[in-house]
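Colleague: Next up is a structure, given as C-alpha cells.
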Amino acid sequence: MTIAIRQLHPLFFGEVSGVDLRRPLSPAEVAAIEAGMDKYAVLVFHGQDITDEQQVAFSRNFGRIEQAVGSNVLKPGERRLSLDIADVSNLDKDHKVLARNDRTRMFNLGNRLWHSDSSFRAVPAKYSLLSGRVVTSGDDGGNTEFADMRAAYDALDQATKDRIGDLVCEHSLMYSRGSMGFGPFTEEEMKTFRPVRQRLVRTHPVSGRKSLYLSAHIGTIVGWEMPEARDFIRELTEHATQRQFVHAHAWAQYDLVMWDNRQLMHRVRPFDETKVRDMRRTTIQGDAPTAEQQAA
C-alpha cells in the first residue's frame, strides 16, 4: 500500500495512511514521510499500536534519538521508561497517577505553555514523535495544539521582519517553569538548566521558508533589558498563536503524532488528571546550534 497524506488544516498538518509503523520502512517510505514533514510540519498516523522498541526503531529512520535527560526533575530510580523515550504521561514509576502536589506533576504543567521541544538545549530538537498509548479526549480534555511558525512569520509586517532577523534569545527550563511559579530549583537543576542561545528566526534547510523560533523557554533577548525583551516575546507569541495559525489534535488511542520543532510550537490542553494519560515521546536531535553559545 502506498503512503498517502491528506491535509487537515489550510496551512499545515497532514494525516498519513498506508503505513504500518510496526514493521521496517523502505527508503522510499522514509523519504515520503520526510517530504511530508517538510511540507506539512506535523503528521498524524492513526491506529499505530506499537511497543516502545517499535517506536524507537521507527524514530531512528530520521536521525539520532535525543536522550531523555536534562529535560525534567526526575532523579535516578524515578524513571518509568528507557532514556530513549521521554515520559510525558501523568504516571509515576509504579504506573500510578501522580498526586496533585507531586513535584514532577508541577514541573510538567509547563507543557501547557506554548513551546518548542528542547529549545533549551544548545543543539535543539528536529522532530518529536508522540505515541498515545492511553489517551484522554472529548470531555476529558488533553488535545494537543500546534501553531504554524512559518505562517506566523509570513504574516508579520516588513518592519518587524527587519527588526527580528538577527536577534538571539536565551532559552531555559528555568524561565518557562519559573513563569508558572515552579521552584525553588536545586543547585544541580540550575546547572542543568543553564540558558542557551537560539536565533529568533530560523530558515528551513529544505524549503527555505523562514519561521519564528518562539517558546515559553525564552527568558530574554541578548542585548536587551529583560522587561523589554519579555514584553516583545509576549507580543510575538500572541501574534503567532492566533487561531488561524493553530490546529488542535483530538487524540485517539494509538495515534502517533510527529512534528517539526523547527517550524512549530505546541502545547497540551488541560485534561482530567484523575484518569491515566500515557504518552511516550521520542525526540530526534537537530544537526547544529542555531547560534553561538556564550563562553562558560
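Scheme for the C-alpha cells: letters A, B, ... for chains in order shown; per-chain residue numbers from 1; ligand numbers from 1 in order shown.
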Using only C-alpha atoms, tabulate the residues of region 73-107 of chain A lying at most 10 Å from any atom of region 255-277 of chain A, each with its closest atom pair and that distance in Å to one decimal, by chain and increasing residue number, as a Markdown table.
Modeller:
```
| residue | atom | partner | partner_atom | distance |
| --- | --- | --- | --- | --- |
| A:Val88 | CA | A:Arg277 | CA | 8.7 |
| A:Ser89 | CA | A:Arg277 | CA | 5.5 |
| A:Asn90 | CA | A:Arg277 | CA | 5.8 |
| A:Leu91 | CA | A:Val276 | CA | 7.2 |
| A:His95 | CA | A:Val276 | CA | 8.9 |
| A:Lys96 | CA | A:Val276 | CA | 8.1 |
| A:Val97 | CA | A:Val276 | CA | 6.3 |
| A:Leu98 | CA | A:Glu273 | CA | 8.4 |
| A:Ala99 | CA | A:Thr274 | CA | 9.1 |
| A:Arg100 | CA | A:Glu273 | CA | 8.5 |
```
Colleague: Neighbouring residues of region 207-222 of chain A were defined as those with any atom within 10 Å, considering only C-alpha atoms; residues of the same chain fewer than 6 positions away were excluded. Please report them as an NGL selection string.
Modeller: :A and (35 or 38-39 or 110-120 or 148-154 or 161 or 164-165 or 167-179 or 195-201 or 228-234 or 236-237 or 240 or 261-266)
Colleague: Can you list, as a list in words, every protein, DNA or RNA residue that comes within 8 Å of Pro289 (chain A) when you count only C-alpha atoms, leaving out same-chain residues fewer than 3 positions away?
Modeller: Ala122, Val123, Pro124, Gln198, Gly286 and Glu292 of chain A
Colleague: Could you write out that same residue set with N, CA and C atoms as a short mmCIF file (atom, residue, chain, number, x, y, z; two decimals), in the first residue's frame?
Modeller:
```
data_model
loop_
_atom_site.label_atom_id
_atom_site.label_comp_id
_atom_site.auth_asym_id
_atom_site.auth_seq_id
_atom_site.Cartn_x
_atom_site.Cartn_y
_atom_site.Cartn_z
N ALA A 122 21.53 23.41 23.61
CA ALA A 122 22.36 24.15 22.66
C ALA A 122 22.10 23.68 21.24
N VAL A 123 21.96 22.37 21.05
CA VAL A 123 21.53 21.81 19.77
C VAL A 123 20.07 21.40 19.95
N PRO A 124 19.13 22.20 19.46
CA PRO A 124 17.72 21.92 19.72
C PRO A 124 17.19 20.77 18.86
N GLN A 198 19.48 30.81 21.13
CA GLN A 198 18.85 30.37 19.87
C GLN A 198 18.46 31.61 19.07
N GLY A 286 18.65 17.71 16.61
CA GLY A 286 18.95 18.59 15.49
C GLY A 286 20.38 18.40 15.02
N GLU A 292 25.75 30.97 18.21
CA GLU A 292 26.95 30.77 19.01
C GLU A 292 26.61 30.86 20.48
#
```
Colleague: I need the alpha helix (DSSP H) residues of region 97-127 of chain A per DSSP on the backbone, written as a list in words.
Modeller: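 After running DSSP on the backbone, region 97-127 of chain A has alpha helix (DSSP H) at Arg103, Thr104, Arg105, Met106, Phe107 and Asn108 of chain A.
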Colleague: Give me a file of those residues, with N, CA and C atoms, as a tab-separated table (two decimals), in the first residue's frame.
Modeller:
```tsv
chain	number	residue	atom	x	y	z
A	103	ARG	N	5.95	16.88	42.74
A	103	ARG	CA	6.84	17.87	42.13
A	103	ARG	C	6.99	17.64	40.63
A	104	THR	N	7.00	16.39	40.21
A	104	THR	CA	7.08	16.09	38.78
A	104	THR	C	5.85	16.60	38.05
A	105	ARG	N	4.68	16.42	38.65
A	105	ARG	CA	3.46	16.95	38.03
A	105	ARG	C	3.52	18.46	37.93
A	106	MET	N	3.97	19.12	38.98
A	106	MET	CA	4.07	20.58	38.95
A	106	MET	C	4.99	21.03	37.81
A	107	PHE	N	6.10	20.35	37.66
A	107	PHE	CA	7.05	20.69	36.60
A	107	PHE	C	6.42	20.46	35.23
A	108	ASN	N	5.71	19.35	35.07
A	108	ASN	CA	5.12	19.00	33.78
A	108	ASN	C	3.97	19.91	33.37
```
Colleague: Tell me which protein, DNA and RNA residues are within 10 Å of Asn143 (chain A), counting only C-alpha atoms, leaving out same-chain ones fewer than 3 positions away, and put them as a ChimeraX atom specification.
Modeller: /A:135-138,140,146,247-252,267-271
Colleague: Could you pull out all residues of region 121-251 of chain A with a DSSP call of strand (DSSP E or B) and give them as a PyMOL selection string?
Modeller: chain A and resi 125-134+141+144-148+168-171+196-199+201-203+210-212+218-221+246-249
Colleague: Go ahead and compute the interatomic distance for CA of Val19 (chain A) and CA of Val206 (chain A), in Å to one decimal.
Modeller: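 About the pair CA of Val19 (chain A) and CA of Val206 (chain A): they are 23.6 Å apart.
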Colleague: By how many Å are CA of His46 (chain A) and CA of Gly141 (chain A) apart?
Modeller: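 Result for CA of His46 (chain A) versus CA of Gly141 (chain A): 18.7 Å, one decimal.
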Colleague: Kindly assemble as a tab-separated table a list of the region 29-83 of chain A residues that lie within 10 Å of region 5-18 of chain A, each paired with its nearest atom pair and their distance in Å to one decimal, using only C-alpha atoms, sorted first by chain and then by ascending residue number.
Modeller:
```
residue	atom	partner	partner_atom	distance
A:Glu29	CA	A:Gly18	CA	9.7
A:Ala32	CA	A:Ile5	CA	9.3
A:Ile33	CA	A:Val16	CA	8.6
A:Gly36	CA	A:Ile5	CA	7.3
A:Met37	CA	A:Gly14	CA	8.4
A:Lys39	CA	A:Phe12	CA	7.4
A:Tyr40	CA	A:Phe12	CA	4.5
A:Ala41	CA	A:Phe13	CA	6.4
A:Val42	CA	A:Phe13	CA	4.9
A:Leu43	CA	A:Gly14	CA	4.7
A:Val44	CA	A:Glu15	CA	5.0
A:Phe45	CA	A:Val16	CA	5.3
A:His46	CA	A:Val16	CA	7.6
A:Gly47	CA	A:Ser17	CA	9.9
```
